[in-house]
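This is input_26.txt (compact mmCIF, C-alpha atoms and all ligand atoms).
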```txt
# COMPACT_ATOMS: atom_id res chain seq x y z
CA MET A 1 92.50 -16.21 14.15
CA ASP A 2 88.78 -15.55 14.66
CA MET A 3 86.86 -16.93 17.62
CA HIS A 4 85.60 -19.96 15.73
CA GLN A 5 89.14 -20.90 14.67
CA GLN A 6 90.43 -20.48 18.23
CA ILE A 7 87.70 -22.81 19.51
CA GLU A 8 88.69 -25.40 16.90
CA LYS A 9 92.34 -25.17 18.07
CA GLY A 10 91.17 -25.55 21.68
CA LYS A 11 89.21 -28.67 20.73
CA GLN A 12 92.28 -30.05 18.96
CA PHE A 13 94.73 -29.57 21.83
CA LEU A 14 92.78 -29.56 25.10
CA VAL A 15 91.79 -32.93 26.61
CA ASN A 16 88.05 -33.25 26.26
CA THR A 17 87.00 -33.09 29.93
CA TYR A 18 84.64 -30.10 29.89
CA SER A 19 81.42 -29.39 27.97
CA GLN A 20 82.72 -26.00 26.92
CA VAL A 21 80.50 -23.12 25.88
CA PRO A 22 81.61 -21.78 22.46
CA VAL A 23 83.16 -18.52 23.58
CA VAL A 24 86.76 -17.35 24.07
CA PHE A 25 87.26 -14.64 26.65
CA SER A 26 90.05 -12.15 26.36
CA HIS A 27 89.58 -9.77 29.27
CA GLY A 28 87.41 -8.67 32.14
CA GLU A 29 86.55 -5.65 34.22
CA GLY A 30 84.44 -5.53 37.36
CA CYS A 31 81.81 -8.25 36.89
CA THR A 32 81.88 -8.23 33.10
CA LEU A 33 83.82 -10.53 30.80
CA THR A 34 84.57 -9.65 27.19
CA ASP A 35 85.10 -12.18 24.41
CA VAL A 36 87.67 -11.92 21.61
CA GLU A 37 84.98 -10.43 19.33
CA GLY A 38 84.19 -7.66 21.82
CA ARG A 39 80.88 -9.04 23.16
CA HIS A 40 80.25 -8.40 26.87
CA TYR A 41 78.86 -10.89 29.39
CA LEU A 42 77.60 -10.15 32.87
CA ASP A 43 79.26 -12.80 35.00
CA PHE A 44 77.26 -14.66 37.66
CA VAL A 45 79.65 -17.61 37.53
CA GLY A 46 82.80 -15.81 38.67
CA GLY A 47 85.03 -18.69 37.62
CA ILE A 48 82.72 -20.91 39.74
CA ALA A 49 82.93 -18.94 42.97
CA VAL A 50 86.60 -18.01 42.45
CA ASN A 51 86.75 -14.39 41.30
CA ALA A 52 85.38 -12.89 44.50
CA LEU A 53 86.78 -9.44 43.69
CA GLY A 54 85.66 -9.56 40.06
CA TYR A 55 88.10 -8.76 37.27
CA GLY A 56 90.90 -6.20 37.31
CA ASP A 57 90.59 -5.44 41.03
CA ARG A 58 93.15 -2.74 41.83
CA GLY A 59 94.15 -3.99 45.28
CA LEU A 60 94.67 -7.55 44.07
CA THR A 61 96.58 -6.42 40.97
CA LYS A 62 98.86 -4.27 43.11
CA ALA A 63 99.52 -7.09 45.59
CA LEU A 64 100.30 -9.61 42.83
CA SER A 65 102.45 -7.13 40.90
CA ALA A 66 104.56 -6.48 44.01
CA VAL A 67 105.42 -10.18 44.18
CA LEU A 68 106.36 -10.29 40.49
CA GLN A 69 108.54 -7.25 40.96
CA SER A 70 110.30 -8.76 43.99
CA GLY A 71 111.53 -11.59 41.75
CA LEU A 72 110.58 -14.16 44.37
CA LEU A 73 107.73 -15.90 42.57
CA HIS A 74 108.41 -19.21 44.22
CA CYS A 75 110.71 -20.73 46.77
CA SER A 76 110.61 -24.24 48.17
CA ASN A 77 108.79 -25.09 51.38
CA LEU A 78 112.19 -26.25 52.60
CA TYR A 79 112.56 -22.53 53.41
CA TYR A 80 110.21 -19.85 54.71
CA ASN A 81 108.98 -17.08 52.47
CA GLU A 82 107.79 -13.77 53.87
CA THR A 83 104.46 -13.67 52.04
CA ALA A 84 103.50 -17.20 53.13
CA ILE A 85 104.04 -16.30 56.78
CA LYS A 86 101.85 -13.20 56.39
CA ALA A 87 99.18 -15.22 54.57
CA ALA A 88 99.23 -17.97 57.20
CA GLU A 89 98.70 -15.50 60.03
CA ALA A 90 96.01 -13.61 58.12
CA ILE A 91 93.95 -16.66 57.13
CA CYS A 92 94.26 -18.36 60.53
CA SER A 93 93.06 -15.29 62.37
CA LEU A 94 90.20 -14.73 59.90
CA ALA A 95 89.08 -18.36 60.22
CA GLU A 96 89.80 -18.55 63.97
CA MET A 97 91.98 -21.63 63.40
CA GLU A 98 95.47 -22.44 64.70
CA LYS A 99 97.54 -23.49 61.71
CA VAL A 100 97.33 -23.83 57.94
CA PHE A 101 98.77 -26.10 55.25
CA PHE A 102 98.82 -24.42 51.84
CA CYS A 103 98.34 -26.27 48.56
CA ASN A 104 96.88 -25.47 45.15
CA SER A 105 93.26 -26.55 44.81
CA GLY A 106 90.15 -27.71 46.62
CA ALA A 107 90.76 -31.36 45.85
CA GLU A 108 94.28 -31.08 47.18
CA ALA A 109 93.08 -29.34 50.35
CA ASN A 110 90.62 -32.17 50.89
CA GLU A 111 93.29 -34.81 50.25
CA ALA A 112 95.30 -33.17 53.04
CA ALA A 113 92.27 -33.27 55.34
CA LEU A 114 91.53 -36.93 54.52
CA LYS A 115 95.13 -37.94 55.17
CA LEU A 116 95.14 -35.96 58.40
CA ALA A 117 91.93 -37.71 59.49
CA ARG A 118 93.47 -41.12 58.76
CA LYS A 119 96.61 -40.25 60.72
CA PHE A 120 94.43 -39.04 63.59
CA GLY A 121 92.65 -42.42 63.46
CA HIS A 122 95.97 -44.25 63.47
CA LYS A 123 96.72 -42.81 66.90
CA SER A 124 93.96 -44.93 68.47
CA THR A 125 94.12 -48.63 69.34
CA PRO A 126 92.72 -50.33 67.38
CA ILE A 127 93.29 -47.88 64.56
CA ARG A 128 90.29 -46.14 63.00
CA THR A 129 90.20 -45.40 59.29
CA GLU A 130 86.61 -44.78 58.18
CA ILE A 131 85.43 -41.36 57.06
CA ILE A 132 81.75 -40.46 56.79
CA THR A 133 80.76 -37.98 54.09
CA MET A 134 77.37 -36.91 52.72
CA ALA A 135 75.27 -37.96 49.76
CA HIS A 136 75.21 -35.23 47.06
CA SER A 137 78.45 -33.76 48.42
CA PHE A 138 81.29 -32.67 46.18
CA HIS A 139 84.90 -32.67 47.30
CA GLY A 140 86.96 -32.74 44.09
CA ARG A 141 88.31 -35.06 41.42
CA THR A 142 91.48 -36.62 42.80
CA TYR A 143 91.07 -40.20 44.05
CA GLY A 144 90.52 -39.49 47.74
CA ALA A 145 88.40 -36.40 47.15
CA VAL A 146 86.27 -38.03 44.45
CA THR A 147 85.68 -41.05 46.70
CA ALA A 148 84.65 -38.70 49.51
CA THR A 149 82.22 -37.15 47.03
CA GLY A 150 78.83 -38.76 47.66
CA GLN A 151 77.69 -38.92 44.05
CA ASP A 152 77.91 -42.13 41.98
CA LYS A 153 78.17 -40.25 38.70
CA TYR A 154 81.67 -39.07 39.67
CA HIS A 155 82.77 -42.61 40.60
CA GLN A 156 81.66 -44.45 37.48
CA ASN A 157 84.47 -45.96 35.41
CA PHE A 158 87.15 -45.06 37.94
CA ASP A 159 87.11 -48.00 40.31
CA PRO A 160 88.74 -49.44 42.26
CA LEU A 161 88.29 -46.44 44.56
CA PRO A 162 90.10 -46.01 47.89
CA GLN A 163 88.40 -47.84 50.75
CA GLY A 164 86.97 -46.58 54.00
CA PHE A 165 84.28 -44.07 52.98
CA ARG A 166 80.64 -44.24 54.09
CA TYR A 167 77.88 -41.91 52.89
CA ALA A 168 75.20 -40.46 55.15
CA ARG A 169 72.23 -38.34 54.10
CA PHE A 170 72.83 -34.58 54.33
CA ASN A 171 70.72 -32.83 56.98
CA ASP A 172 69.70 -36.22 58.42
CA LEU A 173 71.46 -36.72 61.74
CA GLU A 174 70.08 -40.21 62.30
CA SER A 175 71.68 -41.38 59.07
CA VAL A 176 75.06 -40.10 60.29
CA LYS A 177 74.62 -41.72 63.68
CA ALA A 178 73.79 -45.04 62.05
CA LEU A 179 77.13 -45.12 60.22
CA ILE A 180 79.40 -44.41 63.20
CA THR A 181 81.33 -47.48 64.33
CA GLY A 182 84.55 -48.19 66.21
CA GLU A 183 86.30 -47.73 62.85
CA THR A 184 85.16 -44.14 62.23
CA CYS A 185 87.77 -41.38 62.51
CA ALA A 186 86.10 -38.35 60.89
CA ILE A 187 82.99 -36.77 59.41
CA MET A 188 83.30 -34.47 56.42
CA VAL A 189 80.59 -32.04 55.38
CA GLU A 190 80.03 -28.94 53.24
CA PRO A 191 78.13 -26.42 55.39
CA ILE A 192 76.42 -25.35 52.16
CA GLN A 193 76.40 -28.03 49.47
CA GLY A 194 77.40 -26.42 46.18
CA GLU A 195 77.71 -28.81 43.24
CA GLY A 196 75.03 -30.98 44.85
CA GLY A 197 72.43 -28.25 44.25
CA ILE A 198 72.97 -25.25 46.62
CA VAL A 199 71.64 -26.80 49.81
CA PRO A 200 72.49 -25.10 53.12
CA ALA A 201 72.92 -27.38 56.14
CA THR A 202 70.50 -26.80 58.96
CA LYS A 203 72.04 -25.47 62.14
CA GLU A 204 70.61 -28.43 64.08
CA PHE A 205 72.33 -30.83 61.69
CA LEU A 206 75.77 -29.25 62.11
CA GLN A 207 75.29 -28.99 65.88
CA GLY A 208 74.27 -32.66 65.99
CA VAL A 209 77.23 -33.75 63.86
CA LYS A 210 79.60 -31.76 66.06
CA GLN A 211 78.15 -33.40 69.17
CA LEU A 212 78.60 -36.85 67.61
CA CYS A 213 82.22 -35.97 66.82
CA GLU A 214 82.80 -34.99 70.43
CA GLU A 215 81.10 -38.10 71.82
CA HIS A 216 83.01 -40.49 69.53
CA ASP A 217 86.34 -38.63 69.34
CA LEU A 218 86.00 -37.96 65.60
CA LEU A 219 87.43 -35.07 63.61
CA LEU A 220 84.85 -32.71 62.14
CA ILE A 221 85.98 -31.56 58.69
CA TYR A 222 84.21 -28.74 56.86
CA ASP A 223 84.77 -28.35 53.15
CA GLU A 224 84.32 -24.62 52.59
CA VAL A 225 86.04 -24.65 49.23
CA GLN A 226 82.96 -23.11 47.61
CA CYS A 227 81.06 -21.52 50.50
CA GLY A 228 84.07 -20.00 52.30
CA MET A 229 85.88 -16.66 51.81
CA GLY A 230 82.89 -14.38 52.33
CA ARG A 231 80.42 -16.12 50.06
CA SER A 232 77.97 -17.02 52.85
CA GLY A 233 77.88 -13.43 54.14
CA ARG A 234 80.47 -14.26 56.81
CA SER A 235 84.15 -14.86 56.19
CA PHE A 236 83.41 -18.58 56.65
CA ALA A 237 80.10 -20.39 56.74
CA TRP A 238 81.04 -21.99 60.07
CA GLN A 239 80.93 -18.52 61.62
CA LEU A 240 77.41 -18.06 60.33
CA TYR A 241 76.32 -21.35 61.91
CA GLN A 242 78.51 -20.87 64.98
CA VAL A 243 79.48 -24.55 64.86
CA LYS A 244 83.25 -24.80 64.56
CA PRO A 245 85.08 -27.61 62.75
CA ASP A 246 88.39 -29.22 63.69
CA VAL A 247 89.59 -29.05 60.09
CA LEU A 248 88.56 -26.51 57.45
CA THR A 249 89.38 -26.76 53.75
CA LEU A 250 89.47 -23.78 51.40
CA ALA A 251 90.34 -23.01 47.79
CA LYS A 252 88.49 -21.24 44.94
CA ALA A 253 88.31 -17.57 46.12
CA LEU A 254 91.10 -18.03 48.68
CA ALA A 255 93.65 -16.08 46.63
CA GLY A 256 91.18 -14.06 44.56
CA GLY A 257 91.80 -16.07 41.38
CA VAL A 258 95.38 -17.31 41.76
CA PRO A 259 95.32 -21.12 42.19
CA CYS A 260 95.48 -21.84 45.91
CA GLY A 261 94.08 -24.30 48.44
CA ALA A 262 94.40 -24.60 52.19
CA MET A 263 93.69 -26.95 55.05
CA LEU A 264 93.32 -25.20 58.37
CA VAL A 265 93.42 -27.00 61.69
CA SER A 266 92.13 -26.18 65.14
CA GLU A 267 93.89 -26.83 68.44
CA ARG A 268 92.69 -30.44 68.43
CA ALA A 269 94.13 -31.26 65.01
CA LYS A 270 97.13 -28.97 64.84
CA ASP A 271 99.78 -31.51 65.83
CA VAL A 272 98.57 -34.54 63.89
CA PHE A 273 100.99 -34.10 60.99
CA SER A 274 104.73 -34.09 61.50
CA PRO A 275 107.54 -33.37 59.01
CA GLY A 276 107.43 -35.79 56.09
CA ASP A 277 103.72 -36.63 56.42
CA HIS A 278 102.48 -34.35 53.68
CA ALA A 279 103.79 -31.78 51.18
CA SER A 280 103.07 -29.83 48.03
CA THR A 281 105.79 -28.26 45.89
CA PHE A 282 103.75 -25.20 44.94
CA GLY A 283 101.91 -24.86 48.27
CA GLY A 284 102.62 -21.45 49.75
CA ASN A 285 103.74 -20.04 46.40
CA ALA A 286 104.44 -16.33 46.89
CA LEU A 287 102.05 -15.15 44.16
CA ALA A 288 99.16 -17.14 45.63
CA MET A 289 100.10 -16.02 49.13
CA ALA A 290 99.88 -12.36 48.11
CA GLY A 291 96.35 -13.14 46.87
CA VAL A 292 95.49 -14.73 50.23
CA VAL A 293 96.80 -11.71 52.15
CA GLU A 294 94.73 -9.35 49.98
CA MET A 295 91.56 -11.47 50.26
CA ALA A 296 91.94 -11.78 54.03
CA HIS A 297 92.48 -8.03 54.27
CA ARG A 298 89.35 -7.29 52.22
CA LEU A 299 87.23 -9.67 54.28
CA SER A 300 88.49 -8.43 57.63
CA SER A 301 88.80 -4.69 57.02
CA THR A 302 85.90 -3.73 54.75
CA ASP A 303 82.13 -4.16 54.64
CA LEU A 304 82.41 -6.86 52.00
CA CYS A 305 80.73 -9.62 54.08
CA LYS A 306 77.90 -7.35 55.20
CA GLU A 307 77.31 -6.33 51.61
CA VAL A 308 77.31 -9.97 50.49
CA GLU A 309 74.64 -10.74 53.08
CA GLU A 310 72.49 -7.80 51.95
CA LYS A 311 72.92 -8.44 48.24
CA GLY A 312 72.11 -12.11 48.81
CA VAL A 313 68.83 -11.16 50.46
CA PHE A 314 68.07 -8.90 47.51
CA LEU A 315 68.99 -11.55 44.92
CA ARG A 316 66.82 -14.19 46.59
CA SER A 317 63.88 -11.78 46.87
CA ARG A 318 64.13 -11.15 43.11
CA LEU A 319 64.40 -14.89 42.46
CA GLU A 320 61.30 -15.49 44.62
CA ALA A 321 59.42 -13.01 42.44
CA LEU A 322 60.62 -14.91 39.38
CA ILE A 323 59.32 -18.24 40.65
CA LYS A 324 55.91 -16.65 41.22
CA LYS A 325 55.94 -15.56 37.59
CA TYR A 326 57.08 -18.97 36.27
CA PRO A 327 55.61 -21.44 38.79
CA THR A 328 55.71 -24.36 36.35
CA GLN A 329 59.39 -23.90 35.44
CA CYS A 330 60.78 -22.70 38.80
CA THR A 331 59.83 -24.41 42.03
CA ALA A 332 62.03 -23.08 44.87
CA VAL A 333 64.81 -20.68 45.82
CA ARG A 334 67.69 -21.78 48.07
CA GLY A 335 70.92 -20.31 49.30
CA LEU A 336 72.84 -18.08 51.69
CA GLY A 337 74.80 -14.92 50.93
CA LEU A 338 75.83 -14.91 47.29
CA MET A 339 75.58 -18.67 46.85
CA ASP A 340 72.05 -19.07 45.57
CA GLY A 341 69.99 -21.32 43.36
CA VAL A 342 66.59 -21.74 41.75
CA VAL A 343 65.19 -25.26 41.56
CA LEU A 344 63.89 -25.90 38.07
CA SER A 345 61.49 -28.35 36.49
CA ILE A 346 63.06 -27.71 33.08
CA PRO A 347 66.61 -28.80 32.14
CA PRO A 348 69.02 -26.20 33.63
CA ARG A 349 71.24 -26.43 30.56
CA ALA A 350 68.50 -24.98 28.30
CA LEU A 351 68.15 -21.99 30.62
CA VAL A 352 71.92 -21.56 31.02
CA ASP A 353 72.22 -21.46 27.20
CA ALA A 354 69.30 -19.05 26.81
CA CYS A 355 70.93 -16.72 29.37
CA PHE A 356 74.28 -17.00 27.61
CA GLU A 357 72.71 -15.97 24.30
CA ARG A 358 71.47 -12.85 26.11
CA GLY A 359 74.86 -11.97 27.61
CA LEU A 360 74.54 -13.51 31.08
CA LEU A 361 76.82 -16.22 32.46
CA VAL A 362 75.10 -18.54 34.96
CA LEU A 363 75.58 -22.24 35.62
CA SER A 364 73.76 -25.27 36.88
CA ALA A 365 74.23 -27.25 40.10
CA GLY A 366 73.08 -30.83 40.63
CA TYR A 367 70.47 -32.03 38.16
CA ASP A 368 67.88 -29.31 38.52
CA VAL A 369 69.29 -26.08 39.92
CA LEU A 370 70.27 -22.81 38.25
CA ARG A 371 73.20 -21.53 40.32
CA PHE A 372 74.25 -17.93 41.05
CA VAL A 373 77.77 -17.46 42.47
CA PRO A 374 78.74 -14.01 41.16
CA PRO A 375 81.80 -12.06 42.28
CA LEU A 376 81.17 -10.80 45.81
CA VAL A 377 81.56 -7.25 44.49
CA ILE A 378 78.53 -7.57 42.20
CA ARG A 379 76.38 -4.41 42.25
CA VAL A 380 72.64 -4.24 42.93
CA ASP A 381 71.95 -2.86 39.44
CA GLU A 382 73.87 -5.83 37.99
CA ILE A 383 71.69 -8.21 40.01
CA GLU A 384 68.60 -6.44 38.60
CA LYS A 385 70.00 -6.79 35.08
CA ALA A 386 70.76 -10.49 35.57
CA ILE A 387 67.25 -11.19 36.83
CA ASP A 388 65.77 -9.36 33.82
CA ILE A 389 67.84 -11.58 31.53
CA VAL A 390 66.81 -14.79 33.35
CA ASP A 391 63.19 -13.58 33.08
CA GLU A 392 63.57 -13.05 29.32
CA ALA A 393 65.36 -16.40 28.93
CA LEU A 394 62.58 -18.23 30.82
CA ALA A 395 59.94 -16.53 28.64
CA SER A 396 61.83 -17.69 25.53
CA LEU A 397 61.59 -21.31 26.69
CA LEU A 398 57.80 -21.32 27.28
C1 LIG A 401 82.88 -27.92 47.95
C2 LIG A 401 83.98 -28.21 46.99
N1 LIG A 401 85.02 -28.93 47.40
C3 LIG A 401 86.04 -29.20 46.58
C4 LIG A 401 86.04 -28.78 45.26
C5 LIG A 401 87.19 -29.12 44.37
O1 LIG A 401 87.95 -27.98 44.15
P1 LIG A 401 89.05 -27.95 42.98
O2 LIG A 401 88.30 -27.96 41.68
O3 LIG A 401 89.80 -26.67 43.22
O4 LIG A 401 89.90 -29.15 43.15
C6 LIG A 401 84.95 -28.03 44.79
C7 LIG A 401 84.91 -27.60 43.39
O5 LIG A 401 83.89 -27.27 42.85
C8 LIG A 401 83.89 -27.74 45.68
O6 LIG A 401 82.83 -27.04 45.28
```
Give the structure from the file, written as C-alpha cells.
Ligand SMILES: Cc1ncc(COP(=O)(O)O)c(C=O)c1O
Amino acid sequence: MDMHQQIEKGKQFLVNTYSQVPVVFSHGEGCTLTDVEGRHYLDFVGGIAVNALGYGDRGLTKALSAVLQSGLLHCSNLYYNETAIKAAEAICSLAEMEKVFFCNSGAEANEAALKLARKFGHKSTPIRTEIITMAHSFHGRTYGAVTATGQDKYHQNFDPLPQGFRYARFNDLESVKALITGETCAIMVEPIQGEGGIVPATKEFLQGVKQLCEEHDLLLIYDEVQCGMGRSGRSFAWQLYQVKPDVLTLAKALAGGVPCGAMLVSERAKDVFSPGDHASTFGGNALAMAGVVEMAHRLSSTDLCKEVEEKGVFLRSRLEALIKKYPTQCTAVRGLGLMDGVVLSIPPRALVDACFERGLLVLSAGYDVLRFVPPLVIRVDEIEKAIDIVDEALASLL
C-alpha cells in the first residue's frame, strides 16, 4: 500500500476528529521523523510536547524493554507494582510534592484535580463547589476538563456542561478576585498557557493568585500538562516562578511518549481523597511507570533543564531576528524554555503547511501563533535549520 492508499484507509476507519496532515510516519530517530516514502521531517512538534527525549532514545528504550521482558506489563491498582512505587517517589521528589495519583492523559489528570477540589470544598460548611479557571486556558476534552477550558469553541455543541465553573482573565488578578465567593473551592491555572497561544503567566499574577488561595482557603491547581517535565527550563514551571501549587497535573512528556498522566498533591491536599473516591484501571501501568522513572532520572541527573533554558534563549533570539525581517507577518515572540511562539498576522495554517512542504513540522496555537515545542534534546544546529525553513516558508507566502 502506498502512502496515499494508507491515508485513504485511515480516513475510512478513523473517526474524523483531527484535521490530519497528509503524511504517514513510519519511524523516527533523534528529532527527525521519516514517512513511509522515506522523506525526512525535522520535528518541532514532538507529538505536541510529548517526545521530550526525541525518537529512539537509548535510555528510554532500555527502560521500557526491561518492563516488557519482565512480563509484568500491567497489574491492577488493587496491588502494588514495583515500578509504580519507584515512579511515585521519583516524580514526587522532582516536583517537591507529597503524593501522586497516576492516570493516562492530561484530561484525566485534570479530572482527578477537579474532583479533588470539589471534595475539598465539600469539607466546609456550607459546602463550596465553584472552580475558577482562566479565559484562553486549555485543560482537555473530557466533560470536566473541557468545561474548565476557558474557550467557547471547545464547548459549542456539547452542552449541557457540568456546572460550577467561572472564568477569569489570565494575568489579571482583579478579574480573579472579582469571581471569588463563598462558593469557591479552587483556582486552576496553566503557568504557561499552551493551546491558548503560548502565554507565560507573570510572576506577580501567580503570586497574587496564591495569596488569594491562602486568604480564602482555596486549592491552587496548576495544569503543567504541557509546560511541565523540563519544558520551561526547570523540571516544572512552578519552580521557575517559585510559586508552589497545592495540586499539580502532568501528562504529555511525563513518560517520554508512553501514555501517562498524573495528579500530584502537596501536604495540604494529600489526604483529601480516600479509598473509593477515584480510580483508573491503567493508572500506574508498569510500562508508563518505567517511562516516568527514566524521565525523572534524566531531569534530575543531567543538564537537560539547563540546556533547555539555553536553547530556548537561542531559539527566541533567532525568532526575534525573523520578526524584524518580516514585520508585517510576524508581530511578537513569546515563550519560556522550549515552549515558544511567534504571533502572526497571517493565518498560522498557511505557514504550518509551507513549513511542512519544506520538511519542518511546526504547529499553531490559539488563532494567531506559530508554536515551537520540539523535543527537549533538539540540537542548536537543528534550531538553525528550522529557522531557515520558517524564513523560506515566510518568503514563499509574501
Ligand atoms: C495544558 C494542557 N492541559 C491538558 C491537556 C489535555 O491533555 P490530553 O490530551 O493528554 O488529555 C493539554 C493538551 O494539549 C494541555 O496542553
Open item on the list: Every residue with an atom at most 9 Å from (96.2, -20.0, 45.7) (file coordinates; all atoms listed in the file) is what I'm after, so could you write them as a list in words?
Closed with: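 Every residue inside that radius is included here: Phe102, Cys103, Asn104, Ser105, Ala251, Lys252, Ala253, Leu254, Ala255, Gly256, Gly257, Val258, Pro259, Cys260, Gly261, Ala262, Gly283, Gly284, Asn285, Leu287, Ala288, Met289, Ala290, Gly291 and Val292 of chain A.
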With C-alpha atoms retained, export the selected residues as a short mmCIF file (atom, residue, chain, number, x, y, z; two decimals), keeping the file's coordinate frame.
```
data_model
loop_
_atom_site.label_atom_id
_atom_site.label_comp_id
_atom_site.auth_asym_id
_atom_site.auth_seq_id
_atom_site.Cartn_x
_atom_site.Cartn_y
_atom_site.Cartn_z
CA PHE A 102 98.82 -24.42 51.84
CA CYS A 103 98.34 -26.27 48.56
CA ASN A 104 96.88 -25.47 45.15
CA SER A 105 93.26 -26.55 44.81
CA ALA A 251 90.34 -23.01 47.79
CA LYS A 252 88.49 -21.24 44.94
CA ALA A 253 88.31 -17.57 46.12
CA LEU A 254 91.10 -18.03 48.68
CA ALA A 255 93.65 -16.08 46.63
CA GLY A 256 91.18 -14.06 44.56
CA GLY A 257 91.80 -16.07 41.38
CA VAL A 258 95.38 -17.31 41.76
CA PRO A 259 95.32 -21.12 42.19
CA CYS A 260 95.48 -21.84 45.91
CA GLY A 261 94.08 -24.30 48.44
CA ALA A 262 94.40 -24.60 52.19
CA GLY A 283 101.91 -24.86 48.27
CA GLY A 284 102.62 -21.45 49.75
CA ASN A 285 103.74 -20.04 46.40
CA LEU A 287 102.05 -15.15 44.16
CA ALA A 288 99.16 -17.14 45.63
CA MET A 289 100.10 -16.02 49.13
CA ALA A 290 99.88 -12.36 48.11
CA GLY A 291 96.35 -13.14 46.87
CA VAL A 292 95.49 -14.73 50.23
#
```
Open item on the list: Need to verify the contact set: Ser232 (chain A), 7 Å, all atoms listed in the file, exclusion of same-chain residues closer than 6 positions in sequence. Can you return it as a list in words?
Closed with: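 Contacts, with the query itself left out: Leu336, Gly337, Leu338 and Met339 of chain A.
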Expected file: the selected residues, C-alpha atoms, as a PDB file, keeping the file's coordinate frame:
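Here's the written file selection05.pdb:
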```
ATOM      1  CA  LEU A 336      72.840 -18.080  51.690  1.00  0.00           C
ATOM      2  CA  GLY A 337      74.800 -14.920  50.930  1.00  0.00           C
ATOM      3  CA  LEU A 338      75.830 -14.910  47.290  1.00  0.00           C
ATOM      4  CA  MET A 339      75.580 -18.670  46.850  1.00  0.00           C
TER       5      MET A 339
END
```
Padding 8 Å on each side, edges along x, y and z: where is the centre of the box around the listed atoms of ligand LIG 401 (chain A), and how long are its edges in Å to one decimal? Output it as AutoDock Vina command-line options.
```
--center_x 86.4 --center_y -27.9 --center_z 44.8 --size_x 23.1 --size_y 18.5 --size_z 22.3
```
List every residue of chain A that has an atom at most 6 Å from any atom of ligand LIG 401 (chain A), giving for each one its closest atom pair and the distance in Å to one decimal, counting all atoms listed in the file, sorted by chain and then by ascending residue number, as CSV.
```
residue,atom,partner,partner_atom,distance
A:Ser105,CA,A:LIG401,O3,3.8
A:Gly106,CA,A:LIG401,O1,3.3
A:Ala107,CA,A:LIG401,O4,3.6
A:Phe138,CA,A:LIG401,C2,5.3
A:His139,CA,A:LIG401,C3,3.7
A:Gly140,CA,A:LIG401,C5,3.6
A:Gly194,CA,A:LIG401,O6,5.5
A:Glu195,CA,A:LIG401,O6,5.8
A:Asp223,CA,A:LIG401,C1,5.5
A:Glu224,CA,A:LIG401,C1,5.9
A:Val225,CA,A:LIG401,C2,4.7
A:Gln226,CA,A:LIG401,O6,4.6
A:Ala251,CA,A:LIG401,O3,5.9
A:Lys252,CA,A:LIG401,O3,5.8
```
Taking 2 positions as the minimum chain separation for residues in the same chain, which residues sit within 6 Å of Thr133 (chain A) when counting all atoms listed in the file? Answer as a tab-separated table (two decimals) with C-alpha atoms, in the frame of the given file.
```
chain	number	residue	atom	x	y	z
A	167	TYR	CA	77.88	-41.91	52.89
A	187	ILE	CA	82.99	-36.77	59.41
A	188	MET	CA	83.30	-34.47	56.42
```
Open item on the list: Between A:Val100, A:Cys31, A:Leu78, A:Ala365, which residue has the minimum interatomic distance to Leu264 (chain A), considering only C-alpha atoms?
Closed with: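 Residue with the minimum atom-to-atom distance to Leu264 (chain A): A:Val100.
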TODO: Select, from A:Ser274, A:Ser26, A:Gln151, A:Ser235, the residue with the minimum atom-to-atom distance to Cys305 (chain A), counting all atoms listed in the file.
DONE: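 The answer is A:Ser235, which sits nearest to Cys305 (chain A).
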Task: Interatomic distance (Å, one decimal) between CA of Tyr80 (chain A) and CA of Ala286 (chain A) - done: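 The value is 10.3 Å.
Going from CA of Lys270 (chain A) to CA of Phe120 (chain A) covers 10.5 Å.
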Open item on the list: Report, in Å to a single decimal, how far apart CA of Leu68 (chain A) and CA of Thr34 (chain A) are.
Closed with: 25.5 Å
Open item on the list: Just want the 7 Å neighbourhood of Leu363 (chain A), counted on all atoms listed in the file, with same-chain residues fewer than 5 positions away dropped. Output as a ChimeraX atom specification.
Closed with: /A:45,352,370-371
So that I can see what lies close to Gly341 (chain A), please list as a tab-separated table (two decimals) with C-alpha atoms, keeping the file's coordinate frame the residues with an atom at most 12 Å from it, counting only C-alpha atoms and leaving out residues fewer than 2 positions away in the same chain.
```tsv
chain	number	residue	atom	x	y	z
A	44	PHE	CA	77.26	-14.66	37.66
A	45	VAL	CA	79.65	-17.61	37.53
A	192	ILE	CA	76.42	-25.35	52.16
A	193	GLN	CA	76.40	-28.03	49.47
A	194	GLY	CA	77.40	-26.42	46.18
A	195	GLU	CA	77.71	-28.81	43.24
A	196	GLY	CA	75.03	-30.98	44.85
A	197	GLY	CA	72.43	-28.25	44.25
A	198	ILE	CA	72.97	-25.25	46.62
A	199	VAL	CA	71.64	-26.80	49.81
A	200	PRO	CA	72.49	-25.10	53.12
A	312	GLY	CA	72.11	-12.11	48.81
A	315	LEU	CA	68.99	-11.55	44.92
A	316	ARG	CA	66.82	-14.19	46.59
A	317	SER	CA	63.88	-11.78	46.87
A	318	ARG	CA	64.13	-11.15	43.11
A	319	LEU	CA	64.40	-14.89	42.46
A	320	GLU	CA	61.30	-15.49	44.62
A	323	ILE	CA	59.32	-18.24	40.65
A	330	CYS	CA	60.78	-22.70	38.80
A	331	THR	CA	59.83	-24.41	42.03
A	332	ALA	CA	62.03	-23.08	44.87
A	333	VAL	CA	64.81	-20.68	45.82
A	334	ARG	CA	67.69	-21.78	48.07
A	335	GLY	CA	70.92	-20.31	49.30
A	336	LEU	CA	72.84	-18.08	51.69
A	337	GLY	CA	74.80	-14.92	50.93
A	338	LEU	CA	75.83	-14.91	47.29
A	339	MET	CA	75.58	-18.67	46.85
A	343	VAL	CA	65.19	-25.26	41.56
A	344	LEU	CA	63.89	-25.90	38.07
A	348	PRO	CA	69.02	-26.20	33.63
A	362	VAL	CA	75.10	-18.54	34.96
A	363	LEU	CA	75.58	-22.24	35.62
A	364	SER	CA	73.76	-25.27	36.88
A	365	ALA	CA	74.23	-27.25	40.10
A	366	GLY	CA	73.08	-30.83	40.63
A	367	TYR	CA	70.47	-32.03	38.16
A	368	ASP	CA	67.88	-29.31	38.52
A	369	VAL	CA	69.29	-26.08	39.92
A	370	LEU	CA	70.27	-22.81	38.25
A	371	ARG	CA	73.20	-21.53	40.32
A	372	PHE	CA	74.25	-17.93	41.05
A	373	VAL	CA	77.77	-17.46	42.47
A	374	PRO	CA	78.74	-14.01	41.16
```
